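J.: One structure, as C-alpha coordinates, below. Some questions next.
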Amino acid sequence: MPQKVPVPNSFEELSKAVLSGKYKCLTPIGTIDRDLLRGSGIDYMMKLREAIENNDWKYSLAENFADLLDDPAAIIAARKGLKLLLGSPPKRVNDVIHGIIGLGLYEKWLDEHAFISTLRKRLELQHEEPEFQLTLQDLKLPFFVLFGGYAFAFGALLLEVLSPKRLNIYYS
(Lines give C-alpha, C1' and ligand atoms only; values in the text may rest on other atoms or scores of the structure.)
Protein backbone atom coordinates (compact mmCIF):
# COMPACT_ATOMS: atom_id res chain seq x y z
CA MET A 1 0.00 0.00 0.00
CA PRO A 2 1.25 3.52 -0.62
CA GLN A 3 2.58 5.22 2.48
CA LYS A 4 -0.01 8.02 2.42
CA VAL A 5 -2.92 5.60 2.69
CA PRO A 6 -3.64 4.76 6.34
CA VAL A 7 -2.85 1.13 7.06
CA PRO A 8 -4.07 -0.82 10.10
CA ASN A 9 -1.24 -1.27 12.58
CA SER A 10 -2.89 -3.61 15.08
CA PHE A 11 -5.35 -6.47 15.05
CA GLU A 12 -7.99 -4.18 16.52
CA GLU A 13 -7.58 -1.67 13.68
CA LEU A 14 -7.50 -4.54 11.17
CA SER A 15 -10.73 -5.97 12.59
CA LYS A 16 -12.47 -2.58 12.27
CA ALA A 17 -11.19 -2.14 8.70
CA VAL A 18 -12.33 -5.66 7.70
CA LEU A 19 -15.76 -5.24 9.31
CA SER A 20 -16.25 -1.89 7.56
CA GLY A 21 -15.42 -3.51 4.20
CA LYS A 22 -12.20 -1.56 3.52
CA TYR A 23 -9.95 -4.64 3.69
CA LYS A 24 -10.10 -8.33 3.20
CA CYS A 25 -7.98 -10.53 5.42
CA LEU A 26 -6.39 -13.71 4.06
CA THR A 27 -5.08 -16.66 6.05
CA PRO A 28 -3.04 -19.56 4.67
CA ILE A 29 -4.72 -22.88 3.99
CA GLY A 30 -3.83 -25.65 6.41
CA THR A 31 -2.58 -23.51 9.28
CA ILE A 32 -3.97 -22.87 12.73
CA ASP A 33 -4.26 -19.10 12.31
CA ARG A 34 -8.08 -19.12 12.39
CA ASP A 35 -8.10 -21.37 15.46
CA LEU A 36 -5.73 -19.00 17.22
CA LEU A 37 -8.04 -16.06 16.45
CA ARG A 38 -11.00 -18.03 17.85
CA GLY A 39 -9.09 -19.18 20.93
CA SER A 40 -7.86 -15.70 21.82
CA GLY A 41 -11.09 -14.82 23.64
CA ILE A 42 -10.80 -11.19 22.50
CA ASP A 43 -13.97 -9.78 20.93
CA TYR A 44 -12.42 -8.04 17.91
CA MET A 45 -10.22 -11.06 17.15
CA MET A 46 -13.22 -13.38 17.11
CA LYS A 47 -15.15 -10.96 14.86
CA LEU A 48 -12.16 -10.90 12.50
CA ARG A 49 -12.16 -14.72 12.40
CA GLU A 50 -15.91 -14.78 11.65
CA ALA A 51 -15.45 -12.34 8.77
CA ILE A 52 -12.58 -14.45 7.39
CA GLU A 53 -14.62 -17.67 7.59
CA ASN A 54 -17.85 -16.10 6.22
CA ASN A 55 -16.03 -14.71 3.16
CA ASP A 56 -13.75 -17.78 2.84
CA TRP A 57 -10.66 -15.63 2.63
CA LYS A 58 -7.73 -17.99 2.32
CA TYR A 59 -4.75 -18.50 0.09
CA SER A 60 -2.42 -21.28 -0.90
CA LEU A 61 1.32 -21.00 -1.21
CA ALA A 62 0.97 -22.55 -4.68
CA GLU A 63 -1.18 -19.65 -5.94
CA ASN A 64 0.22 -16.62 -7.70
CA PHE A 65 0.75 -14.33 -4.77
CA ALA A 66 0.42 -11.10 -6.80
CA ASP A 67 -3.19 -11.97 -7.71
CA LEU A 68 -4.16 -11.97 -4.03
CA LEU A 69 -3.14 -8.35 -3.61
CA ASP A 70 -5.46 -6.80 -6.23
CA ASP A 71 -7.84 -5.42 -3.60
CA PRO A 72 -6.74 -3.89 -0.30
CA ALA A 73 -5.82 -7.02 1.63
CA ALA A 74 -4.12 -7.99 4.82
CA ILE A 75 -2.33 -11.30 5.00
CA ILE A 76 -1.92 -13.23 8.24
CA ALA A 77 1.18 -15.35 7.91
CA ALA A 78 4.35 -16.24 9.69
CA ARG A 79 7.23 -13.88 9.02
CA LYS A 80 9.33 -16.70 7.56
CA GLY A 81 6.45 -17.60 5.21
CA LEU A 82 6.24 -14.05 3.93
CA LYS A 83 9.99 -13.94 3.41
CA LEU A 84 9.66 -17.16 1.43
CA LEU A 85 6.94 -15.68 -0.77
CA LEU A 86 8.12 -12.10 -1.09
CA GLY A 87 11.75 -12.16 -0.08
CA SER A 88 13.15 -9.63 2.33
CA PRO A 89 13.35 -6.01 1.26
CA PRO A 90 16.84 -4.77 0.48
CA LYS A 91 18.22 -2.69 3.32
CA ARG A 92 21.28 -0.53 3.19
CA VAL A 93 22.20 -1.42 6.77
CA ASN A 94 22.31 -5.13 5.93
CA ASP A 95 24.57 -4.44 2.94
CA VAL A 96 26.97 -2.45 5.12
CA ILE A 97 27.00 -5.12 7.84
CA HIS A 98 27.65 -7.88 5.30
CA GLY A 99 30.47 -5.78 3.85
CA ILE A 100 32.06 -5.29 7.26
CA ILE A 101 31.85 -9.00 8.03
CA GLY A 102 33.06 -9.96 4.56
CA LEU A 103 36.14 -7.74 4.83
CA GLY A 104 37.05 -9.23 8.18
CA LEU A 105 36.82 -5.91 10.01
CA TYR A 106 34.62 -7.38 12.72
CA GLU A 107 37.11 -10.17 13.45
CA LYS A 108 39.96 -7.65 13.46
CA TRP A 109 38.14 -5.41 15.92
CA LEU A 110 37.23 -8.39 18.09
CA ASP A 111 40.83 -9.67 18.16
CA GLU A 112 42.21 -6.23 19.01
CA HIS A 113 39.59 -5.64 21.68
CA ALA A 114 40.26 -9.03 23.26
CA PHE A 115 44.03 -8.42 23.18
CA ILE A 116 43.76 -4.94 24.71
CA SER A 117 41.37 -6.00 27.45
CA THR A 118 43.52 -9.04 28.31
CA LEU A 119 46.67 -6.92 28.32
CA ARG A 120 45.03 -4.30 30.53
CA LYS A 121 43.93 -6.98 33.01
CA ARG A 122 47.41 -8.47 33.10
CA LEU A 123 49.03 -5.07 33.66
CA GLU A 124 46.65 -4.31 36.52
CA LEU A 125 47.63 -7.48 38.38
CA GLN A 126 50.10 -6.94 41.19
CA HIS A 127 52.81 -9.55 40.93
CA GLU A 128 54.74 -10.20 44.08
CA GLU A 129 58.01 -11.94 43.67
CA PRO A 130 58.32 -14.55 46.37
CA GLU A 131 61.39 -14.19 48.54
CA PHE A 132 63.49 -17.31 48.71
CA GLN A 133 66.03 -17.86 51.44
CA LEU A 134 68.90 -20.19 50.89
CA THR A 135 69.13 -22.72 53.64
CA LEU A 136 72.00 -25.01 54.62
CA GLN A 137 70.10 -27.87 53.00
CA ASP A 138 70.13 -25.97 49.67
CA LEU A 139 73.89 -25.33 49.91
CA LYS A 140 74.96 -28.89 50.80
CA LEU A 141 74.99 -30.27 47.26
CA PRO A 142 76.95 -27.39 45.64
CA PHE A 143 79.58 -27.48 48.40
CA PHE A 144 79.82 -31.29 48.21
CA VAL A 145 80.44 -31.07 44.44
CA LEU A 146 82.99 -28.27 44.95
CA PHE A 147 84.98 -30.12 47.62
CA GLY A 148 84.71 -33.36 45.66
CA GLY A 149 86.22 -31.56 42.65
CA TYR A 150 89.02 -30.13 44.82
CA ALA A 151 89.77 -33.58 46.23
CA PHE A 152 89.87 -35.12 42.75
CA ALA A 153 92.17 -32.31 41.49
CA PHE A 154 94.47 -32.68 44.51
CA GLY A 155 94.62 -36.46 43.97
CA ALA A 156 95.54 -35.92 40.30
CA LEU A 157 98.26 -33.46 41.36
CA LEU A 158 99.75 -35.98 43.88
CA LEU A 159 99.67 -38.74 41.28
CA GLU A 160 101.51 -36.49 38.81
CA VAL A 161 104.16 -35.44 41.32
CA LEU A 162 104.77 -38.81 42.92
CA SER A 163 104.64 -40.98 39.80
CA PRO A 164 108.01 -42.41 38.72
CA LYS A 165 109.63 -40.97 35.64
CA ARG A 166 109.80 -44.30 33.87
CA LEU A 167 106.02 -44.44 33.58
CA ASN A 168 106.00 -41.16 31.74
CA ILE A 169 106.00 -42.06 28.03
CA TYR A 170 106.69 -38.51 26.97
CA TYR A 171 109.85 -38.17 29.08
CA SER A 172 112.95 -37.70 27.02
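Each chain in the C-alpha coordinates gets a letter, A, B, ..., in the order shown, and its residues are numbered from 1; ligands are numbered from 1 in order too.
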Quick one: pick out all strand (DSSP E or B) residues within chain A from a backbone DSSP run and write them as a PyMOL selection string.
T.: chain A and resi 24-28+58-59+73-75
J.: What does the file look like for those residues with N, CA and C atoms, as a tab-separated table (two decimals), in the first residue's frame?
T.:
chain	number	residue	atom	x	y	z
A	24	LYS	N	-9.84	-6.91	3.01
A	24	LYS	CA	-10.10	-8.33	3.20
A	24	LYS	C	-8.86	-8.90	3.89
A	25	CYS	N	-9.07	-9.96	4.63
A	25	CYS	CA	-7.98	-10.53	5.42
A	25	CYS	C	-7.82	-12.00	5.03
A	26	LEU	N	-6.65	-12.37	4.54
A	26	LEU	CA	-6.39	-13.71	4.06
A	26	LEU	C	-5.55	-14.49	5.06
A	27	THR	N	-5.88	-15.77	5.22
A	27	THR	CA	-5.08	-16.66	6.05
A	27	THR	C	-4.65	-17.84	5.19
A	28	PRO	N	-3.50	-18.43	5.48
A	28	PRO	CA	-3.04	-19.56	4.67
A	28	PRO	C	-3.86	-20.82	4.93
A	58	LYS	N	-8.90	-17.15	2.08
A	58	LYS	CA	-7.73	-17.99	2.32
A	58	LYS	C	-6.88	-18.00	1.07
A	59	TYR	N	-5.65	-18.42	1.24
A	59	TYR	CA	-4.75	-18.50	0.09
A	59	TYR	C	-3.86	-19.72	0.25
A	73	ALA	N	-5.78	-5.76	0.90
A	73	ALA	CA	-5.82	-7.02	1.63
A	73	ALA	C	-4.74	-7.05	2.69
A	74	ALA	N	-5.10	-7.70	3.77
A	74	ALA	CA	-4.12	-7.99	4.82
A	74	ALA	C	-3.89	-9.49	4.81
A	75	ILE	N	-2.67	-9.89	5.03
A	75	ILE	CA	-2.33	-11.30	5.00
A	75	ILE	C	-1.81	-11.69	6.37
J.: Write down as a ChimeraX atom specification the residues of segment 38-170 of chain A whose backbone DSSP state falls under alpha helix (DSSP H).
T.: /A:38-39,43-55,65-68,79-86,92-103,105-124,136-162
J.: Need to verify the contact set: segment 32-36 of chain A, 12 Å, only C-alpha atoms, exclusion of same-chain residues closer than 6 positions in sequence. Can you return it as a list in words?
T.: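 After dropping sequence-adjacent residues, the list is Cys25, Leu26, Ile42, Met45, Met46, Lys47, Leu48, Arg49, Glu50, Ala51, Ile52, Glu53, Asn54, Asp56, Trp57, Lys58, Ile75, Ile76, Ala77 and Ala78 of chain A.
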J.: Find the residues near Ser60 of chain A: any atom within 9 Å, counting only C-alpha atoms, skip ones fewer than 3 places away on the same chain, and give them as an NGL selection string.
T.: :A and (27-30 or 63-65)
J.: Please compute the atom CA of Leu103 of chain A-atom CA of Arg120 of chain A distance, one decimal, in Å.
T.: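 Computing the Euclidean distance for atom CA of Leu103 of chain A and atom CA of Arg120 of chain A yields 27.4 Å.
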J.: Separation of atom CA of Gly39 of chain A and atom CA of Ala17 of chain A, in Å?
T.: 21.1 Å
J.: Can you tell me how far atom CA of Leu82 of chain A sits from atom CA of Lys16 of chain A, in Å to one decimal?
T.: 23.5 Å
J.: Tell me, as a PyMOL selection string, which residues lie within 8 Å of Pro72 of chain A, counting only C-alpha atoms; anything in the same chain fewer than 3 positions away does not count.
T.: chain A and resi 1+22-24+69
